[in-house]
Structure formats: structure tokens, C-alpha cells
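**Q** Just work10.cif, nothing more (mmCIF, C-alpha atoms):
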```cif
data_my_file
#
loop_
_atom_site.label_atom_id
_atom_site.label_comp_id
_atom_site.auth_asym_id
_atom_site.auth_seq_id
_atom_site.Cartn_x
_atom_site.Cartn_y
_atom_site.Cartn_z
CA MET A 5 -59.18 81.20 219.97
CA ALA A 6 -62.34 79.50 221.09
CA THR A 7 -62.51 76.71 223.59
CA VAL A 8 -65.53 74.59 224.32
CA ARG A 9 -65.58 72.39 227.37
CA LEU A 10 -68.18 69.69 227.91
CA SER A 11 -68.49 67.50 231.00
CA PHE A 12 -70.92 64.63 231.27
CA SER A 13 -71.80 61.88 233.70
CA PRO A 14 -70.30 58.56 232.58
CA ALA A 15 -73.40 57.18 230.83
CA PRO A 16 -73.41 55.78 227.28
CA VAL A 17 -76.34 57.98 226.29
CA HIS A 18 -74.17 61.12 226.57
CA VAL A 19 -71.44 59.90 224.21
CA ARG A 20 -73.57 60.83 221.21
CA THR A 21 -73.93 64.36 222.56
CA ALA A 22 -70.15 64.62 222.88
CA ARG A 23 -69.75 63.42 219.28
CA LEU A 24 -72.27 65.95 217.97
CA VAL A 25 -70.67 68.84 219.85
CA GLY A 26 -67.17 67.73 218.84
CA VAL A 27 -68.08 67.67 215.15
CA ALA A 28 -69.94 70.97 215.34
CA VAL A 29 -66.91 72.67 216.88
CA ALA A 30 -64.58 70.97 214.37
CA ARG A 31 -66.66 72.26 211.47
CA ARG A 32 -66.69 75.74 212.97
CA ALA A 33 -62.91 75.56 213.53
CA GLY A 34 -62.31 74.82 209.86
CA VAL A 35 -61.51 71.10 209.88
CA ALA A 36 -61.88 69.78 206.33
CA GLU A 37 -65.30 68.32 205.58
CA GLU A 38 -63.81 64.98 204.54
CA LEU A 39 -62.21 64.57 207.99
CA LEU A 40 -65.39 65.11 209.98
CA ASP A 41 -66.45 61.45 209.92
CA GLU A 42 -63.09 60.55 211.41
CA VAL A 43 -63.39 63.30 214.03
CA ARG A 44 -66.84 61.98 214.95
CA LEU A 45 -65.60 58.42 215.28
CA ALA A 46 -62.44 59.28 217.22
CA ILE A 47 -64.20 61.51 219.75
CA GLY A 48 -66.83 58.81 220.17
CA GLU A 49 -64.22 56.13 220.76
CA ALA A 50 -62.29 58.24 223.27
CA CYS A 51 -65.49 59.05 225.18
CA THR A 52 -66.71 55.45 225.05
CA ARG A 53 -63.39 54.35 226.52
CA ALA A 54 -63.64 56.94 229.31
CA VAL A 55 -67.23 55.96 230.14
CA ALA A 56 -66.30 52.26 230.19
CA LEU A 57 -63.39 52.91 232.55
CA HIS A 58 -65.51 54.99 234.94
CA ASN A 59 -68.17 52.30 234.98
CA GLN A 60 -65.57 49.59 235.47
CA TYR A 61 -64.23 51.39 238.55
CA GLY A 62 -67.62 52.57 239.81
CA LEU A 63 -66.67 56.23 239.38
CA ALA A 64 -69.45 58.80 239.16
CA ASP A 65 -66.98 61.57 238.23
CA LEU A 66 -67.72 63.51 235.08
CA VAL A 67 -65.87 62.78 231.85
CA THR A 68 -64.53 65.98 230.33
CA VAL A 69 -64.08 66.85 226.67
CA GLU A 70 -62.17 70.02 225.81
CA MET A 71 -62.10 71.35 222.28
CA SER A 72 -59.75 74.09 221.19
CA ASP A 73 -59.03 75.66 217.81
CA SER A 74 -56.08 77.86 218.74
CA ASP A 75 -53.96 76.83 215.74
CA ALA A 76 -55.19 73.33 214.97
CA TYR A 77 -58.32 71.59 216.21
CA SER A 78 -57.39 69.73 219.38
CA VAL A 79 -59.68 67.61 221.50
CA ARG A 80 -58.82 66.30 224.95
CA VAL A 81 -60.94 63.58 226.53
CA ILE A 82 -60.18 63.24 230.22
CA ASP A 83 -61.13 60.37 232.51
CA HIS A 84 -60.36 59.79 236.19
CA ALA A 85 -59.81 56.04 236.27
CA PRO A 86 -56.61 54.52 237.69
CA ILE A 87 -53.74 54.73 235.22
CA GLU A 88 -53.13 50.98 235.11
CA ALA A 89 -56.53 50.56 233.46
CA SER A 90 -55.09 52.17 230.35
CA VAL A 91 -52.50 49.48 229.91
CA GLY A 92 -53.27 46.93 227.23
CA LEU A 93 -54.51 49.33 224.59
CA THR A 94 -53.04 47.49 221.66
CA LYS A 95 -54.29 46.58 218.24
CA LEU A 96 -55.38 42.96 218.04
CA PRO A 97 -54.21 40.81 215.12
CA PRO A 98 -56.99 39.39 212.90
CA ASP A 99 -56.55 35.82 214.08
CA GLU A 100 -57.24 36.91 217.67
CA LEU A 101 -60.26 39.05 216.86
CA ALA A 102 -62.54 36.07 216.37
CA ASP A 103 -60.88 33.97 219.07
CA GLU A 104 -63.45 32.32 221.32
CA SER A 105 -61.51 33.11 224.49
CA LEU A 106 -61.44 36.85 223.85
CA THR A 107 -64.08 38.61 225.94
CA ASP A 108 -66.43 41.13 224.33
CA GLU A 109 -64.95 43.87 226.53
CA ALA A 110 -61.37 43.05 225.51
CA LEU A 111 -62.37 42.91 221.87
CA THR A 112 -64.21 46.23 222.01
CA THR A 113 -61.28 47.88 223.82
CA GLY A 114 -58.77 46.58 221.29
CA VAL A 115 -60.91 47.53 218.33
CA GLY A 116 -61.61 50.95 219.83
CA PHE A 117 -57.94 51.69 220.18
CA ALA A 118 -57.25 50.43 216.68
CA LEU A 119 -59.82 52.93 215.41
CA LEU A 120 -58.30 55.79 217.41
CA ALA A 121 -54.79 54.98 216.21
CA GLY A 122 -55.99 54.38 212.66
CA PHE A 123 -58.00 57.57 212.29
CA VAL A 124 -55.96 60.08 214.29
CA ASP A 125 -52.49 60.93 212.98
CA ASP A 126 -51.71 63.10 215.98
CA LEU A 127 -52.75 61.05 219.01
CA GLN A 128 -51.38 61.12 222.55
CA VAL A 129 -52.49 59.11 225.58
CA ARG A 130 -50.97 60.33 228.82
CA PRO A 131 -51.67 60.58 232.56
CA VAL A 132 -53.52 63.68 233.73
CA ASP A 133 -51.46 66.17 235.72
CA ASP A 134 -53.53 66.03 238.91
CA GLY A 135 -54.83 62.83 240.48
CA PRO A 136 -55.66 59.56 238.75
CA GLY A 137 -56.79 59.57 235.15
CA THR A 138 -55.80 59.60 231.53
CA GLU A 139 -56.02 62.24 228.85
CA VAL A 140 -56.55 61.23 225.22
CA ARG A 141 -55.43 64.13 223.06
CA MET A 142 -56.26 64.25 219.35
CA VAL A 143 -55.30 66.97 216.91
CA TRP A 144 -56.54 67.69 213.39
CA PRO A 145 -55.39 70.38 210.98
CA VAL A 146 -57.68 73.30 210.17
CA GLN A 147 -58.12 75.32 207.00
CA ARG A 148 -58.09 79.01 207.79
CA ARG A 149 -60.71 81.03 205.98
CA MET B 14 -80.59 59.17 214.30
CA GLU B 15 -81.73 56.40 216.59
CA LEU B 16 -81.07 52.75 215.89
CA SER B 17 -83.60 50.97 213.70
CA LEU B 18 -83.85 47.20 213.32
CA ALA B 19 -86.00 45.22 210.89
CA THR B 20 -85.93 41.55 210.03
CA ARG B 21 -86.96 39.86 206.80
CA THR B 22 -86.38 36.52 205.16
CA VAL B 23 -84.60 36.06 201.82
CA ASP B 24 -84.55 32.43 200.73
CA GLU B 25 -83.15 30.54 203.72
CA HIS B 26 -81.43 33.63 205.11
CA THR B 27 -82.64 35.95 207.82
CA VAL B 28 -81.69 39.50 206.91
CA LEU B 29 -81.42 41.99 209.76
CA GLU B 30 -81.59 45.51 208.36
CA VAL B 31 -79.81 47.95 210.65
CA GLY B 32 -80.23 51.69 210.35
CA GLY B 33 -79.11 54.79 212.22
CA GLU B 34 -76.31 54.94 214.76
CA VAL B 35 -74.76 51.87 216.34
CA ASP B 36 -72.76 53.03 219.35
CA VAL B 37 -72.14 52.34 223.02
CA TYR B 38 -75.72 53.41 223.83
CA THR B 39 -77.61 51.58 221.07
CA ALA B 40 -75.40 48.50 220.54
CA PRO B 41 -77.02 46.53 223.42
CA ARG B 42 -80.31 46.58 221.45
CA LEU B 43 -78.55 45.17 218.40
CA ARG B 44 -76.93 42.49 220.56
CA GLU B 45 -80.30 41.61 222.07
CA ARG B 46 -81.90 41.20 218.64
CA LEU B 47 -79.08 39.05 217.31
CA VAL B 48 -79.16 36.83 220.41
CA GLU B 49 -82.94 36.48 220.01
CA LEU B 50 -82.51 35.40 216.40
CA VAL B 51 -79.91 32.76 217.21
CA ASP B 52 -81.83 31.52 220.25
CA SER B 53 -84.96 31.17 218.11
CA GLY B 54 -83.09 28.77 215.84
CA VAL B 55 -82.02 31.05 213.00
CA ARG B 56 -78.73 29.80 211.51
CA ASN B 57 -78.19 31.96 208.41
CA VAL B 58 -77.91 35.58 209.43
CA VAL B 59 -77.13 38.44 207.08
CA VAL B 60 -76.74 41.84 208.74
CA ASP B 61 -77.43 44.62 206.25
CA LEU B 62 -75.53 47.75 207.29
CA GLY B 63 -76.88 49.78 204.35
CA GLY B 64 -78.79 52.19 206.59
CA VAL B 65 -76.06 52.60 209.20
CA GLU B 66 -74.83 56.18 209.60
CA PHE B 67 -72.41 55.57 212.43
CA LEU B 68 -70.68 52.44 213.74
CA ASP B 69 -68.19 52.31 216.61
CA SER B 70 -66.12 49.68 218.40
CA THR B 71 -69.06 48.64 220.57
CA GLY B 72 -71.11 47.86 217.48
CA LEU B 73 -68.22 45.97 215.94
CA GLY B 74 -67.90 43.97 219.17
CA VAL B 75 -71.58 43.02 218.97
CA LEU B 76 -71.17 41.82 215.37
CA VAL B 77 -68.15 39.69 216.30
CA GLY B 78 -70.09 38.27 219.25
CA ALA B 79 -72.97 37.27 216.96
CA MET B 80 -70.58 35.65 214.51
CA LYS B 81 -68.98 33.59 217.28
CA ARG B 82 -72.39 32.57 218.64
CA LEU B 83 -73.46 31.37 215.19
CA ARG B 84 -70.19 29.57 214.59
CA VAL B 85 -70.69 27.56 217.77
CA ALA B 86 -74.18 26.67 216.49
CA ASN B 87 -72.81 25.73 213.05
CA GLY B 88 -74.53 28.74 211.56
CA ARG B 89 -73.43 31.36 209.04
CA PHE B 90 -73.00 35.05 209.55
CA SER B 91 -72.28 37.68 206.95
CA LEU B 92 -72.46 41.42 206.47
CA VAL B 93 -73.74 43.59 203.66
CA CYS B 94 -71.90 46.86 203.37
CA SER B 95 -70.95 49.08 200.46
CA LYS B 96 -70.31 52.38 202.24
CA GLU B 97 -66.66 53.33 201.99
CA ALA B 98 -66.67 55.06 205.40
CA LEU B 99 -67.78 51.82 207.08
CA LEU B 100 -65.54 49.59 204.95
CA LYS B 101 -62.59 51.69 206.08
CA ILE B 102 -63.49 50.93 209.70
CA PHE B 103 -63.46 47.20 208.94
CA ARG B 104 -60.09 47.52 207.20
CA ILE B 105 -58.44 49.55 209.98
CA THR B 106 -59.53 47.08 212.63
CA ALA B 107 -58.65 44.08 210.40
CA LEU B 108 -62.22 42.86 210.83
CA ASP B 109 -62.51 42.73 207.04
CA GLN B 110 -60.45 39.56 207.41
CA VAL B 111 -62.86 38.16 209.98
CA PHE B 112 -66.29 38.83 208.46
CA PRO B 113 -67.56 37.79 205.06
CA ILE B 114 -68.59 41.21 203.69
CA PHE B 115 -70.76 41.49 200.58
CA PRO B 116 -71.73 44.58 198.59
CA THR B 117 -75.39 43.55 198.20
CA ILE B 118 -77.98 41.34 199.87
CA GLU B 119 -78.22 39.37 196.64
CA ALA B 120 -74.51 38.56 196.79
CA ALA B 121 -74.70 37.63 200.47
CA THR B 122 -77.68 35.34 200.05
CA ARG B 123 -76.41 33.81 196.81
CA ASP B 124 -73.25 32.65 198.53
CA SER B 125 -73.95 29.11 199.66
CA ASP B 126 -71.20 28.59 202.20
CA GLY B 127 -70.99 32.12 203.63
CA SER B 128 -67.26 32.38 203.13
CA ALA B 129 -66.80 33.69 199.62
CA THR B 130 -64.64 36.62 200.68
CA SER B 131 -62.50 34.82 203.24
#
```
Output the file's structure in the form of C-alpha cells.
**A**
Amino acid sequence: MATVRLSFSPAPVHVRTARLVGVAVARRAGVAEELLDEVRLAIGEACTRAVALHNQYGLADLVTVEMSDSDAYSVRVIDHAPIEASVGLTKLPPDELADESLTDEALTTGVGFALLAGFVDDLQVRPVDDGPGTEVRMVWPVQRR
Amino acid sequence: MELSLATRTVDEHTVLEVGGEVDVYTAPRLRERLVELVDSGVRNVVVDLGGVEFLDSTGLGVLVGAMKRLRVANGRFSLVCSKEALLKIFRITALDQVFPIFPTIEAATRDSDGSATS
């Protein structure tokens, strides 16, 4: 079992680093090559969401990404924003996507969650055990060599 | 790969060629360029995603924002995309029902009313 933990200050520039590390560990863990694009996108979306929440609440706390390949490849993205901020993560219907009244932030949040839900079969969003915050947990199967 | 942006004119259309990664870090530059185009009076915008290697929700939000801005100005906005990985993103988010998406620049610029796929 190998676990990689990455923590980064909530700045957009670091999301790419998290994506690159997440895909590198996924490849090493044995996630199928054809799933790696989805892994890249999902980790990016989860980290983007965490960074946006920290910025929204003025939190300088680090965002944490934990990758584990104990039996499947699991990734946990942990933020420390108030739980209520996570409410409203729903997929938007097409007729609302181009609605003039929808803010860019609301659109991006809705689309981001649609991508997470669409690309990750095994997805959980739950409160962290200690203090405020949410954990987005994603799991992908691995091929043992 | 960093974001790359290049603009060229095809007939009466302004084609913005986007390359590299469009994410939460680089999307503001794409937004800035699209706003500049519309503010400078451009009304037919084709965004060519042929060189895009990564596109996330922030990038999608910028594209929707540009489309809305052009709609208010009675302009036309369309996308060129033939990469299955990106097309899947549009399908999953239902944005394939929002944007006119063409497989080639020729198809996008040939379309006179910008709504052939809607």
C-alpha cells in the first residue's frame, strides 16, 4: 500500500500540480490508461471546488489531497469551508445553463459537480470528521500486475 | 501545457484558436480575450478547441459567459471540437444542447445562422 498526501495553499495555480500528481499516482497504482483522463478531470474539479470555497470564505488553510492504492485507487480532496457551502451541488438542466440570471460562479459550480458525478462512479461527498469542511472521495478500480 | 490563444479571421468570422490547458488558473485569460473581442465589436466568434488538451468547469463557464455576452449583442458564438474526450464533457454537462458545436472550422464558418446543431 502506498499513500501520497499533497497539501497546497488555496490558489488556482496549484490545481494543475494536484492533477499531475493524481494522475501519476493513478498510473502507478494500475488504473486503466483509458480512465486517466477522467481521473485528471475529476481530481481537478474537486480541487477547483475546494480552492473556490476557501477563497469564498477567506480561508488560507491548505487544501489536502490524499491518494491511496490499498485495493482500489482512492482520492480524497479535503477542504475546510463551512459545510453549508456544499449545499446546492446539483446538476443544472440545459435550459438553465444559458439562463441570463445564472451567475458565472453558480454555473461553474453546477457544471463542476455534473462532471464529478458524470465521470466518477464511486463518489462520496461528506463532512470531515474534525472541524468544518468537506471531503470529496473518489474511487477507481485498478488492474493488478 | 500552458494556455495559448491566437485569433484569425475566416470570412466574416473571428476564429479564436485555443490550445493547451483551460482550467481554473488559465480560464481568466480566455475570458479576458473573449471580452476584448466582443468589446471591440466582433459579433461572429468561433472558438476552435482543436488544440485544447484539458478543459474543466471553469473553462466551460467562460465559454457560456461569452455566448451570453454575444447573444445580448445580437452576435453568434460557436465551437469547433472533434475530440471525443472533450465532446464527452459537453454531453455530460448538457452543454452540447447549449452550444452550436461543429467538427471543423469550415463547417462552423459555413453555417450562416450559427444554430445548425441546435
**Q** Run the PyMOL selection byres ((chain A) within 8 of (chain B)) mentally over the shown coordinates, then write out the matched residues as a PyMOL selection string, using the chain letters and numbers from the document.
**A** chain A and resi 16-17+19+41+45+48-49+52+95-99+101-102+104+108-109+111-113+115-116+118-119+122
**Q** I need the residues from that last selection saved to file as a compact mmCIF listing (two decimals), in the coordinates of the input (with C-alpha atoms), if you can.
**A**
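Ended up saving to part04.txt:
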```
# COMPACT_ATOMS: atom_id res chain seq x y z
CA PRO A 16 -73.41 55.78 227.28
CA VAL A 17 -76.34 57.98 226.29
CA VAL A 19 -71.44 59.90 224.21
CA ASP A 41 -66.45 61.45 209.92
CA LEU A 45 -65.60 58.42 215.28
CA GLY A 48 -66.83 58.81 220.17
CA GLU A 49 -64.22 56.13 220.76
CA THR A 52 -66.71 55.45 225.05
CA LYS A 95 -54.29 46.58 218.24
CA LEU A 96 -55.38 42.96 218.04
CA PRO A 97 -54.21 40.81 215.12
CA PRO A 98 -56.99 39.39 212.90
CA ASP A 99 -56.55 35.82 214.08
CA LEU A 101 -60.26 39.05 216.86
CA ALA A 102 -62.54 36.07 216.37
CA GLU A 104 -63.45 32.32 221.32
CA ASP A 108 -66.43 41.13 224.33
CA GLU A 109 -64.95 43.87 226.53
CA LEU A 111 -62.37 42.91 221.87
CA THR A 112 -64.21 46.23 222.01
CA THR A 113 -61.28 47.88 223.82
CA VAL A 115 -60.91 47.53 218.33
CA GLY A 116 -61.61 50.95 219.83
CA ALA A 118 -57.25 50.43 216.68
CA LEU A 119 -59.82 52.93 215.41
CA GLY A 122 -55.99 54.38 212.66
```
**Q** Selected by the PyMOL selection byres ((chain A and resi 132) around 12) in the shown coordinates: which residues, as a list in words?
**A** Thr68, Arg80, Val81, Ile82, Asp83, His84, Ala85, Pro86, Ile87, Gln128, Val129, Arg130, Pro131, Asp133, Asp134, Gly135, Pro136, Gly137, Thr138, Glu139, Val140 and Arg141 of chain A
**Q** Please write as a list of chain:residue names the full residue list that the PyMOL selection byres ((chain B and resi 45-59) around 8) yields on this file.
**A**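 Given this file, the PyMOL selection byres ((chain B and resi 45-59) around 8) evaluates to B:Glu25, B:His26, B:Thr27, B:Val28, B:Leu29, B:Pro41, B:Arg42, B:Leu43, B:Arg44, B:Val60, B:Asp61, B:Ala79, B:Arg82, B:Leu83, B:Ala86, B:Asn87, B:Gly88, B:Arg89, B:Phe90, B:Ser91, B:Leu92, B:Val93, B:Ile118, B:Ala121, B:Thr122.
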**Q** Work out where the centre of an axis-aligned box around every listed atom of segment 46-55 of chain B lies and how long its edges are once 3 Å is added on each side; give both in Å to one decimal as lines of an AutoDock Vina configuration file.
**A**
```
center_x = -82.0
center_y = 35.0
center_z = 216.7
size_x = 11.9
size_y = 18.4
size_z = 13.4
```
**Q** Which one of A:Val25, A:Leu127, A:Leu10, A:Ala46 sits closest to Met142 of chain A if you count all atoms listed in the file?
**A** A:Leu127
**Q** Mind giving me the straight-line distance from atom CA of Thr7 of chain A to atom CA of Leu120 of chain A in Å, one decimal?
**A**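 Straight-line distance from atom CA of Thr7 of chain A to atom CA of Leu120 of chain A works out to 22.2 Å.
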**Q** Counting all atoms listed in the file, find residues at most 12 Å from (-73.2, 64.0, 229.8) (file frame) and give them as number ranges by chain.
**A** A: 9-23, 25, 51-52, 54-55, 64-69
**Q** Give me, please, the distance in Å between atom CA of Gly26 of chain A and atom CA of Lys96 of chain B, quoted to one decimal.
**A**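 One can read the atom CA of Gly26 of chain A to atom CA of Lys96 of chain B distance as 22.8 Å.
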**Q** What does the structure give for the distance between atom CA of Val65 of chain B and atom CA of Val35 of chain B, in Å to one decimal?
**A**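 If I compute the distance from atom CA of Val65 of chain B to atom CA of Val35 of chain B, I get 7.3 Å.
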